[in-house]
Amino acid sequence: MTLDIALRHERADFVLDAAFGAPPGLTALFGRSGSGKTTVVNAVSGLLTPDAGRIAAEDRVLLDTARGIDLPPHRRRLGYIFQEGRLFPHLTVRQNLRYGAWFAPKNAPREDPDKVVALLGIGHLLDRRPGGLSGGEKQRVAIGRALLSAPRLILADEPLAALDEARKAEILPYFERLRDEVSVPILYVSHSASEVARLATTVVALDAGRVIRQGPAAEVLSDPTVLPAGAREAGAVLSARVTAHHADGLTELDAGGQPLFLPRIAQAPGQTVRVRIAAHDVILSRGRPEGLSALNVLQGTVRDLRPGHGPGTLVSIATAAGPLLARVTRRSAQALDLEPGTPVHAVVKTVSVAPADIGTATQAG
Amino acid sequence: MTQWLGPEEWQAVALSLQVSFWATLVSLPLGVFVAYALARWSFPGKQLLNGLVHLPLILPPVVTGYLLLLSFGTQGPVGAVLQDLGIVLAFRWTGAALAAGVMAFPLMVRAIRLSIEAVDPKLEQASATLGAAPVWVFLTVTLPMTLPGIIAGAVLAFAKAMGEFGATITFVSNIPGQTRTIPSAIYAFLQVPGGADSAMKLVIVSVAVAMGALLLSEFLARRVAARVGGT
């Protein structure tokens, strides 16, 4: 199942001109607010008709302005998870969950309702009404409602943006499970680098209505030019396999043959996780540092340096575990004589890696 | 009731209830439709329709009644057609129901329109993305969430219909058993010596019915609002 999108939509102060494909898995539409992300999702859902464009989900054409095809939203069969939930207040949670299935064609491939309820942990809420639920609970029900409408595709428009950090941490694992356990592809809109790093299989970076970069998540996110907050928010995504949980509260991982210590994580030994390491948390050293409190020292080679507007420079380093980004001052880069090809040691403090930056990886990644 | 009320008075009460019931019931679907159109659609002539709906609220009732007589009387353009179809409104209780319905219509539409405007269109969008065609969006989301307003509008229209006098007496006159509703009966009783006693009884009935209707609508609207409000 893939999604192909080509759109052109013009407004007084804004032109959207974007084309991209979304392969199976979770495709993140990534960019700062006003970059056109929500316009794309609304066009895919049919809530907005673009000036010109073509949208096809697998072989089903949803929109083709050249051929005069524009399916209304109710005939597109897309599960839309809105930022603010939008549960029906006059129906119980159970009725909300069943709502979409009622309209779906009888022969459409369906998720098992009991499985979805279990996956989202909402079994105890079924007889309640949305008015009495917490923000996180509402959003879990909204995910279930979209999933049970037998959709061809799931759209999620900043589904965590209205939640506080604790609620975000509550919902993120459900999106990971959705990505890994449900065959329906997901188009996920976000402006948060750490959210995208944790969830995305593929990233499409939008800026001012144009696609500036698309590709596998680790690759796109290591390019600081795609980040809404610029180098300040830069970070790289490593994948590592859990080797052991230690008694002192640390988890040891294997990152391309080098040990990586993180604060205790939930994943079991043998599982692969993705770890986002923020560029400003990485220290560089030419020689192997001795007598250091930091536990993680990863060996690598400098790939390139990108001076920023301020005093900083973003150094990208190839390690055995994947690309790593370090944000250092230009002065340090000169002092260390860094240039492409220079062997360096990257130092990462264990405690600087936040739990929100660690997620279960897809089987493939 | 029949002991306390004389046959003449009872006839007026029964007729008023009958006229108001049918006036409300028949105008309700149209009221919901017009309220929805005014709340959600934009179309040429929208302000004209809005003005037309509200006209009976502002015009002297006698004028409305006379206009009804001109158009729905047996000589009128609409009345003549209806007569060919075997429907006569002039000087019948059905005509009284029409007059009451027209006079109550603006109140009904206002109440329903306000509650439709209070329904978040984002919920209707969510319903559409889940596969509901526009008719189903209306029936499963808009209508149930508008129910308190529809109940309020219907009760308000019923109460207004119970009290309608000017347009009714102009359009269908004041014929006992046919068009003599409570207000017309009170008026008639007050025209004859010794009728004040009967008039007073009808006044009490009027107040009781109006009060009962308001309390009932409050009760129903509260129950529905609690359901719709999701607590």
# chains A, B, ... in the order shown; residues from 1 in each chain; ligands from 1
>>> select_by_dssp(residues="stretch 19-172 of chain A", states="strand (DSSP E)", output="ChimeraX atom specification")
/A:19-22,26-30,52-57,60-64,69-70,78-81,153-157
>>> interface_residues(of="chain A", to="chain B", cutoff="10 Å", atoms="only C-alpha atoms", output="ChimeraX atom specification")
/A:45-47,72-82,84-92,99-105,128-133,145-151
>>> closest_atom_pairs(of="stretch 82-200 of chain B", to="stretch 25-47 of chain B", cutoff="12 Å", atoms="only C-alpha atoms", output="Markdown table")
| residue | atom | partner | partner_atom | distance |
| --- | --- | --- | --- | --- |
| B:Thr94 | CA | B:Val26 | CA | 11.2 |
| B:Ala97 | CA | B:Val26 | CA | 9.3 |
| B:Leu98 | CA | B:Ser27 | CA | 9.0 |
| B:Ala99 | CA | B:Ser27 | CA | 11.2 |
| B:Ala100 | CA | B:Ser27 | CA | 10.0 |
| B:Gly101 | CA | B:Ser27 | CA | 6.3 |
| B:Val102 | CA | B:Ser27 | CA | 8.3 |
| B:Met103 | CA | B:Ser27 | CA | 10.8 |
| B:Ala104 | CA | B:Ser27 | CA | 9.0 |
| B:Phe105 | CA | B:Gly31 | CA | 6.9 |
| B:Pro106 | CA | B:Gly31 | CA | 8.6 |
| B:Leu107 | CA | B:Gly31 | CA | 9.6 |
| B:Met108 | CA | B:Gly31 | CA | 6.5 |
| B:Val109 | CA | B:Ala35 | CA | 5.3 |
| B:Arg110 | CA | B:Ala35 | CA | 7.2 |
| B:Ala111 | CA | B:Ala35 | CA | 8.6 |
| B:Ile112 | CA | B:Ala35 | CA | 6.0 |
| B:Arg113 | CA | B:Ala35 | CA | 4.5 |
| B:Leu114 | CA | B:Ala39 | CA | 7.9 |
| B:Ser115 | CA | B:Ala39 | CA | 9.3 |
| B:Ile116 | CA | B:Ala39 | CA | 6.6 |
| B:Glu117 | CA | B:Ala39 | CA | 5.8 |
| B:Ala118 | CA | B:Ala39 | CA | 9.6 |
| B:Val119 | CA | B:Ala39 | CA | 10.2 |
| B:Asp120 | CA | B:Arg40 | CA | 11.2 |
| B:Pro121 | CA | B:Arg40 | CA | 9.2 |
| B:Glu124 | CA | B:Arg40 | CA | 11.6 |
| B:Phe138 | CA | B:Tyr36 | CA | 9.8 |
| B:Thr142 | CA | B:Tyr36 | CA | 9.6 |
| B:Leu143 | CA | B:Val32 | CA | 9.2 |
| B:Thr146 | CA | B:Val32 | CA | 9.7 |
| B:Leu147 | CA | B:Val32 | CA | 10.5 |
| B:Gly149 | CA | B:Val32 | CA | 10.0 |
| B:Ile150 | CA | B:Val32 | CA | 7.6 |
| B:Ile151 | CA | B:Leu28 | CA | 9.9 |
| B:Ala152 | CA | B:Leu28 | CA | 11.4 |
| B:Gly153 | CA | B:Leu28 | CA | 8.6 |
| B:Ala154 | CA | B:Leu28 | CA | 6.9 |
| B:Val155 | CA | B:Leu25 | CA | 10.5 |
| B:Leu156 | CA | B:Leu28 | CA | 11.5 |
| B:Ala157 | CA | B:Leu28 | CA | 9.1 |
| B:Phe158 | CA | B:Leu25 | CA | 9.0 |
| B:Ala161 | CA | B:Ser27 | CA | 11.3 |
>>> write_last_selection(atoms="N, CA and C atoms", output="compact mmCIF listing (two decimals), in the first residue's frame")
# COMPACT_ATOMS: atom_id res chain seq x y z
N THR B 94 -58.13 23.83 10.47
CA THR B 94 -56.84 23.69 9.78
C THR B 94 -56.26 25.06 9.46
N ALA B 97 -54.75 26.38 12.51
CA ALA B 97 -53.43 25.76 12.71
C ALA B 97 -52.40 26.43 11.82
N LEU B 98 -52.77 26.74 10.58
CA LEU B 98 -51.84 27.42 9.67
C LEU B 98 -51.44 28.78 10.24
N ALA B 99 -52.45 29.55 10.68
CA ALA B 99 -52.16 30.88 11.23
C ALA B 99 -51.25 30.77 12.45
N ALA B 100 -51.56 29.82 13.35
CA ALA B 100 -50.75 29.64 14.55
C ALA B 100 -49.33 29.22 14.18
N GLY B 101 -49.22 28.30 13.20
CA GLY B 101 -47.91 27.81 12.77
C GLY B 101 -47.05 28.93 12.19
N VAL B 102 -47.68 29.78 11.36
CA VAL B 102 -46.94 30.88 10.73
C VAL B 102 -46.47 31.87 11.81
N MET B 103 -47.34 32.19 12.75
CA MET B 103 -46.98 33.15 13.79
C MET B 103 -45.88 32.61 14.71
N ALA B 104 -45.88 31.28 14.92
CA ALA B 104 -44.91 30.69 15.84
C ALA B 104 -43.58 30.36 15.15
N PHE B 105 -43.60 30.34 13.82
CA PHE B 105 -42.44 29.89 13.04
C PHE B 105 -41.14 30.62 13.37
N PRO B 106 -41.17 31.98 13.45
CA PRO B 106 -39.89 32.67 13.73
C PRO B 106 -39.27 32.26 15.06
N LEU B 107 -40.10 32.07 16.08
CA LEU B 107 -39.56 31.67 17.39
C LEU B 107 -38.92 30.30 17.31
N MET B 108 -39.60 29.39 16.61
CA MET B 108 -39.07 28.04 16.44
C MET B 108 -37.75 28.06 15.70
N VAL B 109 -37.70 28.76 14.57
CA VAL B 109 -36.49 28.79 13.74
C VAL B 109 -35.32 29.42 14.52
N ARG B 110 -35.61 30.47 15.24
CA ARG B 110 -34.52 31.13 16.00
C ARG B 110 -33.87 30.17 17.00
N ALA B 111 -34.71 29.47 17.76
CA ALA B 111 -34.18 28.56 18.78
C ALA B 111 -33.36 27.43 18.15
N ILE B 112 -33.88 26.89 17.06
CA ILE B 112 -33.19 25.76 16.43
C ILE B 112 -31.91 26.23 15.74
N ARG B 113 -32.00 27.40 15.09
CA ARG B 113 -30.81 27.93 14.40
C ARG B 113 -29.65 28.15 15.37
N LEU B 114 -29.98 28.72 16.53
CA LEU B 114 -28.93 28.97 17.53
C LEU B 114 -28.25 27.67 17.94
N SER B 115 -29.04 26.61 18.13
CA SER B 115 -28.43 25.37 18.59
C SER B 115 -27.66 24.68 17.47
N ILE B 116 -28.07 24.88 16.21
CA ILE B 116 -27.30 24.31 15.10
C ILE B 116 -25.96 25.05 14.98
N GLU B 117 -26.02 26.37 15.17
CA GLU B 117 -24.77 27.14 15.07
C GLU B 117 -23.80 26.76 16.19
N ALA B 118 -24.35 26.23 17.29
CA ALA B 118 -23.48 25.85 18.41
C ALA B 118 -22.79 24.50 18.18
N VAL B 119 -23.22 23.75 17.18
CA VAL B 119 -22.57 22.46 16.89
C VAL B 119 -21.27 22.75 16.13
N ASP B 120 -20.16 22.24 16.65
CA ASP B 120 -18.86 22.48 16.04
C ASP B 120 -18.78 21.78 14.67
N PRO B 121 -18.61 22.56 13.58
CA PRO B 121 -18.51 21.93 12.26
C PRO B 121 -17.37 20.92 12.17
N GLU B 124 -18.66 17.55 12.49
CA GLU B 124 -19.30 17.08 11.27
C GLU B 124 -18.24 16.64 10.26
N PHE B 138 -25.79 14.52 9.25
CA PHE B 138 -26.88 15.28 9.86
C PHE B 138 -27.63 14.43 10.88
N THR B 142 -25.31 16.14 13.79
CA THR B 142 -25.95 17.45 13.92
C THR B 142 -27.28 17.35 14.67
N LEU B 143 -28.15 16.44 14.22
CA LEU B 143 -29.49 16.37 14.80
C LEU B 143 -29.46 16.01 16.29
N THR B 146 -28.35 18.84 18.34
CA THR B 146 -29.23 20.01 18.28
C THR B 146 -30.52 19.77 19.05
N LEU B 147 -30.71 18.55 19.52
CA LEU B 147 -31.99 18.16 20.11
C LEU B 147 -32.50 19.11 21.21
N GLY B 149 -32.15 22.26 21.47
CA GLY B 149 -32.67 23.44 20.80
C GLY B 149 -33.96 23.15 20.05
N ILE B 150 -34.05 21.96 19.48
CA ILE B 150 -35.26 21.60 18.75
C ILE B 150 -36.43 21.47 19.73
N ILE B 151 -36.16 20.86 20.89
CA ILE B 151 -37.22 20.73 21.90
C ILE B 151 -37.66 22.11 22.37
N ALA B 152 -36.68 22.95 22.66
CA ALA B 152 -37.00 24.30 23.12
C ALA B 152 -37.82 25.05 22.07
N GLY B 153 -37.40 24.92 20.81
CA GLY B 153 -38.10 25.60 19.72
C GLY B 153 -39.53 25.10 19.57
N ALA B 154 -39.70 23.78 19.69
CA ALA B 154 -41.03 23.20 19.53
C ALA B 154 -41.96 23.65 20.67
N VAL B 155 -41.45 23.65 21.89
CA VAL B 155 -42.29 24.03 23.03
C VAL B 155 -42.65 25.51 22.96
N LEU B 156 -41.66 26.30 22.56
CA LEU B 156 -41.90 27.74 22.40
C LEU B 156 -42.98 27.97 21.34
N ALA B 157 -42.88 27.23 20.24
CA ALA B 157 -43.85 27.37 19.15
C ALA B 157 -45.23 26.93 19.63
N PHE B 158 -45.27 25.83 20.42
CA PHE B 158 -46.54 25.34 20.94
C PHE B 158 -47.20 26.40 21.83
N ALA B 161 -48.45 29.21 19.78
CA ALA B 161 -49.64 28.82 19.02
C ALA B 161 -50.87 28.83 19.93
>>> residues_around(residues="B:Ala185", least_positions_apart="3", cutoff="10 Å", atoms="only C-alpha atoms", output="PyMOL selection string")
chain B and resi 8-9+11-13+165+174-176+179-182+188-191+195+198-199+202
>>> write_last_selection(atoms="N, CA and C atoms", output="mmCIF file, in the first residue's frame")
data_model
loop_
_atom_site.group_PDB
_atom_site.id
_atom_site.type_symbol
_atom_site.label_atom_id
_atom_site.label_comp_id
_atom_site.auth_asym_id
_atom_site.auth_seq_id
_atom_site.Cartn_x
_atom_site.Cartn_y
_atom_site.Cartn_z
ATOM 1 N N GLU B 8 -68.766 24.570 26.425
ATOM 2 C CA GLU B 8 -68.253 25.596 25.521
ATOM 3 C C GLU B 8 -66.767 25.871 25.775
ATOM 4 N N GLU B 9 -66.460 25.981 27.084
ATOM 5 C CA GLU B 9 -65.070 26.269 27.454
ATOM 6 C C GLU B 9 -64.167 25.079 27.123
ATOM 7 N N GLN B 11 -64.614 22.895 24.870
ATOM 8 C CA GLN B 11 -64.451 22.849 23.419
ATOM 9 C C GLN B 11 -63.286 23.760 22.980
ATOM 10 N N ALA B 12 -63.245 24.950 23.568
ATOM 11 C CA ALA B 12 -62.173 25.895 23.209
ATOM 12 C C ALA B 12 -60.806 25.346 23.602
ATOM 13 N N VAL B 13 -60.727 24.725 24.818
ATOM 14 C CA VAL B 13 -59.449 24.175 25.280
ATOM 15 C C VAL B 13 -58.997 23.035 24.370
ATOM 16 N N PHE B 165 -53.896 34.963 18.506
ATOM 17 C CA PHE B 165 -55.236 35.542 18.450
ATOM 18 C C PHE B 165 -55.466 36.363 17.175
ATOM 19 N N ASN B 174 -64.076 33.498 14.202
ATOM 20 C CA ASN B 174 -64.233 33.054 15.584
ATOM 21 C C ASN B 174 -65.474 32.164 15.656
ATOM 22 N N ILE B 175 -65.348 30.948 15.054
ATOM 23 C CA ILE B 175 -66.504 30.052 14.938
ATOM 24 C C ILE B 175 -66.407 28.968 16.014
ATOM 25 N N PRO B 176 -67.395 28.912 16.923
ATOM 26 C CA PRO B 176 -67.336 27.902 17.989
ATOM 27 C C PRO B 176 -67.152 26.499 17.405
ATOM 28 N N THR B 179 -63.056 27.305 14.915
ATOM 29 C CA THR B 179 -61.879 28.174 14.994
ATOM 30 C C THR B 179 -61.835 28.964 16.305
ATOM 31 N N ARG B 180 -62.754 28.656 17.249
ATOM 32 C CA ARG B 180 -62.746 29.419 18.501
ATOM 33 C C ARG B 180 -61.769 28.787 19.489
ATOM 34 N N THR B 181 -60.512 29.226 19.429
ATOM 35 C CA THR B 181 -59.484 28.739 20.350
ATOM 36 C C THR B 181 -59.595 29.506 21.659
ATOM 37 N N ILE B 182 -58.745 29.188 22.636
ATOM 38 C CA ILE B 182 -58.866 29.815 23.963
ATOM 39 C C ILE B 182 -58.873 31.349 23.892
ATOM 40 N N ALA B 188 -64.579 36.398 23.178
ATOM 41 C CA ALA B 188 -66.023 36.281 22.970
ATOM 42 C C ALA B 188 -66.769 36.368 24.297
ATOM 43 N N PHE B 189 -66.249 35.659 25.338
ATOM 44 C CA PHE B 189 -66.898 35.681 26.648
ATOM 45 C C PHE B 189 -66.950 37.089 27.225
ATOM 46 N N LEU B 190 -65.855 37.840 26.950
ATOM 47 C CA LEU B 190 -65.804 39.189 27.517
ATOM 48 C C LEU B 190 -66.754 40.155 26.802
ATOM 49 N N GLN B 191 -67.255 39.743 25.619
ATOM 50 C CA GLN B 191 -68.175 40.606 24.872
ATOM 51 C C GLN B 191 -69.624 40.487 25.368
ATOM 52 N N GLY B 195 -70.099 36.742 31.130
ATOM 53 C CA GLY B 195 -69.100 35.814 30.568
ATOM 54 C C GLY B 195 -67.767 35.861 31.298
ATOM 55 N N SER B 198 -66.493 32.515 32.891
ATOM 56 C CA SER B 198 -65.942 31.558 31.925
ATOM 57 C C SER B 198 -64.584 32.030 31.434
ATOM 58 N N ALA B 199 -64.469 33.318 31.157
ATOM 59 C CA ALA B 199 -63.208 33.861 30.666
ATOM 60 C C ALA B 199 -62.088 33.598 31.678
ATOM 61 N N LEU B 202 -60.758 30.112 31.591
ATOM 62 C CA LEU B 202 -59.875 29.885 30.439
ATOM 63 C C LEU B 202 -58.511 30.554 30.644
#
>>> residues_around(residues="A:Ala354", least_positions_apart="4", cutoff="12 Å", atoms="only C-alpha atoms", output="number ranges by chain")
A: 165, 169, 194, 198, 262-265, 275-278, 281, 349-350, 358-359
>>> write_last_selection(atoms="N, CA and C atoms", output="PDB file, in the first residue's frame")
ATOM      1  N   GLU A 165       3.679  17.103  28.207  1.00  0.00           N
ATOM      2  CA  GLU A 165       4.761  16.135  28.001  1.00  0.00           C
ATOM      3  C   GLU A 165       4.412  14.740  28.519  1.00  0.00           C
ATOM      4  N   ALA A 169       4.170  11.301  26.287  1.00  0.00           N
ATOM      5  CA  ALA A 169       4.919  10.080  26.569  1.00  0.00           C
ATOM      6  C   ALA A 169       3.962   8.892  26.684  1.00  0.00           C
ATOM      7  N   SER A 194      11.939  15.381  17.742  1.00  0.00           N
ATOM      8  CA  SER A 194      12.113  14.151  18.526  1.00  0.00           C
ATOM      9  C   SER A 194      10.959  13.178  18.267  1.00  0.00           C
ATOM     10  N   ARG A 198      11.491   9.490  16.517  1.00  0.00           N
ATOM     11  CA  ARG A 198      11.090   8.276  17.194  1.00  0.00           C
ATOM     12  C   ARG A 198      10.123   7.429  16.357  1.00  0.00           C
ATOM     13  N   LEU A 262      22.617   3.824  28.436  1.00  0.00           N
ATOM     14  CA  LEU A 262      21.492   4.751  28.545  1.00  0.00           C
ATOM     15  C   LEU A 262      20.820   4.526  29.896  1.00  0.00           C
ATOM     16  N   PRO A 263      20.087   5.532  30.388  1.00  0.00           N
ATOM     17  CA  PRO A 263      19.258   5.280  31.572  1.00  0.00           C
ATOM     18  C   PRO A 263      18.304   4.128  31.243  1.00  0.00           C
ATOM     19  N   ARG A 264      17.947   3.340  32.257  1.00  0.00           N
ATOM     20  CA  ARG A 264      17.142   2.129  32.066  1.00  0.00           C
ATOM     21  C   ARG A 264      15.950   2.371  31.143  1.00  0.00           C
ATOM     22  N   ILE A 265      15.830   1.522  30.106  1.00  0.00           N
ATOM     23  CA  ILE A 265      14.690   1.615  29.192  1.00  0.00           C
ATOM     24  C   ILE A 265      13.858   0.347  29.295  1.00  0.00           C
ATOM     25  N   VAL A 275      17.600   5.695  18.976  1.00  0.00           N
ATOM     26  CA  VAL A 275      17.961   6.672  19.989  1.00  0.00           C
ATOM     27  C   VAL A 275      18.287   7.969  19.275  1.00  0.00           C
ATOM     28  N   ARG A 276      17.603   9.033  19.701  1.00  0.00           N
ATOM     29  CA  ARG A 276      17.913  10.326  19.108  1.00  0.00           C
ATOM     30  C   ARG A 276      18.888  11.041  20.022  1.00  0.00           C
ATOM     31  N   ILE A 277      20.034  11.420  19.472  1.00  0.00           N
ATOM     32  CA  ILE A 277      21.034  12.131  20.272  1.00  0.00           C
ATOM     33  C   ILE A 277      21.136  13.557  19.758  1.00  0.00           C
ATOM     34  N   ALA A 278      20.750  14.495  20.629  1.00  0.00           N
ATOM     35  CA  ALA A 278      20.749  15.904  20.233  1.00  0.00           C
ATOM     36  C   ALA A 278      22.179  16.372  19.986  1.00  0.00           C
ATOM     37  N   ASP A 281      24.318  17.883  22.718  1.00  0.00           N
ATOM     38  CA  ASP A 281      24.739  17.020  23.822  1.00  0.00           C
ATOM     39  C   ASP A 281      26.020  16.255  23.500  1.00  0.00           C
ATOM     40  N   LYS A 349      26.927  12.142  27.146  1.00  0.00           N
ATOM     41  CA  LYS A 349      26.543  11.843  28.521  1.00  0.00           C
ATOM     42  C   LYS A 349      25.310  10.945  28.534  1.00  0.00           C
ATOM     43  N   THR A 350      25.379   9.906  29.334  1.00  0.00           N
ATOM     44  CA  THR A 350      24.248   8.979  29.423  1.00  0.00           C
ATOM     45  C   THR A 350      22.962   9.691  29.811  1.00  0.00           C
ATOM     46  N   ILE A 358      13.957   7.877  23.029  1.00  0.00           N
ATOM     47  CA  ILE A 358      14.258   6.474  22.788  1.00  0.00           C
ATOM     48  C   ILE A 358      12.965   5.760  22.429  1.00  0.00           C
ATOM     49  N   GLY A 359      12.954   5.067  21.300  1.00  0.00           N
ATOM     50  CA  GLY A 359      11.733   4.367  20.913  1.00  0.00           C
ATOM     51  C   GLY A 359      12.057   3.025  20.300  1.00  0.00           C
TER      52      GLY A 359
END
>>> closest_residue(among="B:Val203, B:Leu89, B:Met162, B:Val62", to="B:Gln18", atoms="only C-alpha atoms")
B:Met162
>>> atom_distance(atom1="atom CA of A:Asp70", atom2="atom CA of A:Ser35")
23.9 Å
>>> atom_distance(atom1="atom CA of A:Ala244", atom2="atom CA of A:Gln271")
10.5 Å
>>> closest_residue(among="B:Asp197, B:Asp84, B:Glu218, B:Glu164", to="B:Pro148", atoms="only C-alpha atoms")
B:Glu218
>>> closest_residue(among="B:Ala90, B:Leu216, B:Val53, B:Ala159", to="B:Tyr66", atoms="only C-alpha atoms")
B:Ala90
>>> residues_around(residues="A:Glu195", least_positions_apart="6", cutoff="9 Å", atoms="only C-alpha atoms", output="JSON, numbers by chain")
{"A": [172, 356, 357]}
>>> write_last_selection(atoms="C-alpha atoms", output="PDB file, in the first residue's frame")
ATOM      1  CA  LEU A 172       3.870   7.835  21.679  1.00  0.00           C
ATOM      2  CA  ALA A 356      11.218  10.573  24.956  1.00  0.00           C
ATOM      3  CA  ASP A 357      14.153  10.252  22.558  1.00  0.00           C
TER       4      ASP A 357
END
